[in-house]
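Beneath this line is the structure, given in structure tokens, with notes to follow.
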Amino acid sequence: MNALTLGPEGTYSHRATQAVADDIDFAESVTAIVEGVATGAYDRGVVPIENSIEGSVTESLDALADQRVAVVREVVTPIRHSLLAQTETFETVASHQQALAQCREYLNREYPDVVTEPVASTARGVERAREDSSVAGIGHPANAGDDLRVLESDIQDRSSNATRFLVVAPESERSDAGGKTSFVVYPNTNHPGLLLDLLEPFAERDINLSRVESRPSGERLGDYVFHIDIEAGLYEERTKGAVTELEEIANEGWVRVLGSYDTEHVV
């Protein structure tokens with residue numbers, strides 16, 4: 001089985017993907033990963049969906065709404081950010097924008113004058129530090145190698161920092177088995193109480209919602225796509241009933257059932 005995830009080697013996405021596949025290729029964007037699976041070029045894709053500090057990864061939400069894929073697994077990994085550099089003196093800190101945001105308090109306190117440089121991944125930031133002595137990177141300490149120093153470990157603003165990754169597969173591999181289920185809903189309408197209408201089918205059946213988010217549909221201003229995660233599997237009769245009712249409510253648009261899956265924790 002081959003898998004595609006954010007590169008280069010050494011990203012947190014790479015660490016999560018190692019629990020999924022041995023044959024791993026890398027892409028520079030989440031969109032490219034989901035497209036790679038949707039087109040059949042890859043068996044699996046692993047994308048970050050939510051961080052406990054910075055919230056959802058909007059590119060992942062949009063890609064899941066735009067492409068026809070299934071979610072077959074969830075991988076949760078703790079995020080341990082370290083400051084890596086050639087020397088203790090540097091002018092720039094480079095890392096993924098989410099990592100920079102997750103260490104904002106530390107950087108403001110310890111290095112208020114440095115310039116932050118968002119790059120495609122934490123591993124890319126570490127590469128920048130390896131190439132340029134005036135640049136420090138934020139990434140996993142295991143990425144330091146022999147030519148970088150770990151100036152400080154666990155610099156994330158909250159010790160509980162963790163990221164959820166979704167494992168996407170071709171739509172034909174969607175499963176009804178698992179403890180969680182994800183949906184993307186486009187009502188293609190707007191009226192008072194719409195969101196309440198979309199959520200009531202779950203509340204009435206005692207199904208817990210673990211995440212609800214909206215993203216612009218791109219069709220018109222004020223028009224939204226909703227992402228819903230529930231703590232129940234599609235094999236359950238209560239979930240089947242909720243989905244049927246949800247499809248009736250969103251009959252002017254569409255409901256995409258991404259599938260049911262279980263969660264795995266990877267250190």
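Identifiers in this document derive from the order of the structure tokens: chains are assigned A, B, ..., residues are numbered from 1 separately in each chain, and ligands are numbered from 1 in order of occurrence.
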Would you tabulate, counting only C-alpha atoms, all residues of stretch 102-168 of chain A that have an atom at most 10 Å from an atom of stretch 256-263 of chain A, showing the closest pair of atoms and their distance in Å to one decimal, sorted by chain then ascending number, as CSV?
residue,atom,partner,partner_atom,distance
A:Arg164,CA,A:Thr263,CA,9.2
A:Phe165,CA,A:Thr263,CA,9.6
A:Leu166,CA,A:Thr263,CA,9.3
A:Val167,CA,A:Tyr261,CA,9.4
A:Val168,CA,A:Leu258,CA,8.9
To test your reading of the structure, identify every residue in stretch 75-177 of chain A that backbone DSSP assigns to strand (DSSP E or B), and report it as an NGL selection string. :A and (75-78 or 82-85 or 92-96 or 115-119 or 135-139 or 149-152 or 162-170)
Point-to-point distance from atom CA of A:Ile79 to atom CA of A:Ala162, Å rounded to tenths: 5.0 Å
Excluding A:Pro141 and any residue of its chain fewer than 3 positions from it, enumerate the residues within 7 Å of it, using only C-alpha atoms, and give them as a ChimeraX atom specification. /A:82,144,150
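Using only C-alpha atoms, the residues found no farther than 12 Å from A:Ala203, other than those of its own chain fewer than 2 positions away, are Leu196, Asp197, Leu198, Leu199, Glu200, Pro201, Arg205, Asp206, Ile207, Asn208, Leu209, Ile230, Glu231, Arg238, Thr239, Gly241 and Ala242 of chain A.
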Residues of the last selection are to be written out with C-alpha atoms, as a compact mmCIF listing (two decimals), in the first residue's frame.
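Produced file part00.txt, reproduced below:
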# COMPACT_ATOMS: atom_id res chain seq x y z
CA LEU A 196 -30.45 23.85 14.16
CA ASP A 197 -32.37 21.80 11.58
CA LEU A 198 -29.13 20.11 10.45
CA LEU A 199 -28.08 19.20 13.97
CA GLU A 200 -31.39 18.12 15.50
CA PRO A 201 -31.46 14.68 13.81
CA ARG A 205 -31.08 10.21 18.63
CA ASP A 206 -28.61 10.91 21.45
CA ILE A 207 -25.65 11.10 19.04
CA ASN A 208 -22.83 13.28 20.31
CA LEU A 209 -21.32 15.83 17.92
CA ILE A 230 -20.19 12.46 15.29
CA GLU A 231 -19.33 9.84 17.87
CA ARG A 238 -29.68 5.66 14.99
CA THR A 239 -26.98 6.96 12.61
CA GLY A 241 -31.96 7.39 10.68
CA ALA A 242 -30.09 10.66 11.27
Between stretch 59-148 of chain A and stretch 28-35 of chain A, at 12 Å or less, what are the per-residue closest atom pairs and their distances in Å? Count only C-alpha atoms, order by chain and rising residue number, and return it as a Markdown table.
| residue | atom | partner | partner_atom | distance |
| --- | --- | --- | --- | --- |
| A:Glu59 | CA | A:Val30 | CA | 6.5 |
| A:Ser60 | CA | A:Val30 | CA | 6.0 |
| A:Leu61 | CA | A:Val30 | CA | 9.6 |
| A:Asp62 | CA | A:Thr31 | CA | 8.3 |
| A:Ala63 | CA | A:Thr31 | CA | 5.5 |
| A:Leu64 | CA | A:Val34 | CA | 7.2 |
| A:Ala65 | CA | A:Val34 | CA | 10.3 |
| A:Asp66 | CA | A:Glu35 | CA | 9.2 |
| A:Gln67 | CA | A:Glu35 | CA | 6.8 |
| A:Arg68 | CA | A:Val34 | CA | 8.8 |
| A:Val69 | CA | A:Val34 | CA | 7.6 |
| A:Ala70 | CA | A:Val34 | CA | 10.0 |
| A:Val71 | CA | A:Val34 | CA | 10.7 |
| A:His96 | CA | A:Glu28 | CA | 11.4 |
| A:Val119 | CA | A:Glu28 | CA | 10.0 |
| A:Ala120 | CA | A:Glu28 | CA | 6.4 |
| A:Ser121 | CA | A:Glu28 | CA | 8.1 |
| A:Thr122 | CA | A:Glu28 | CA | 11.7 |
| A:Ala123 | CA | A:Glu28 | CA | 11.3 |
| A:Arg124 | CA | A:Glu28 | CA | 9.9 |
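Here atom CA of A:Gln86 and atom CA of A:Asp146 stand 9.9 Å from one another.
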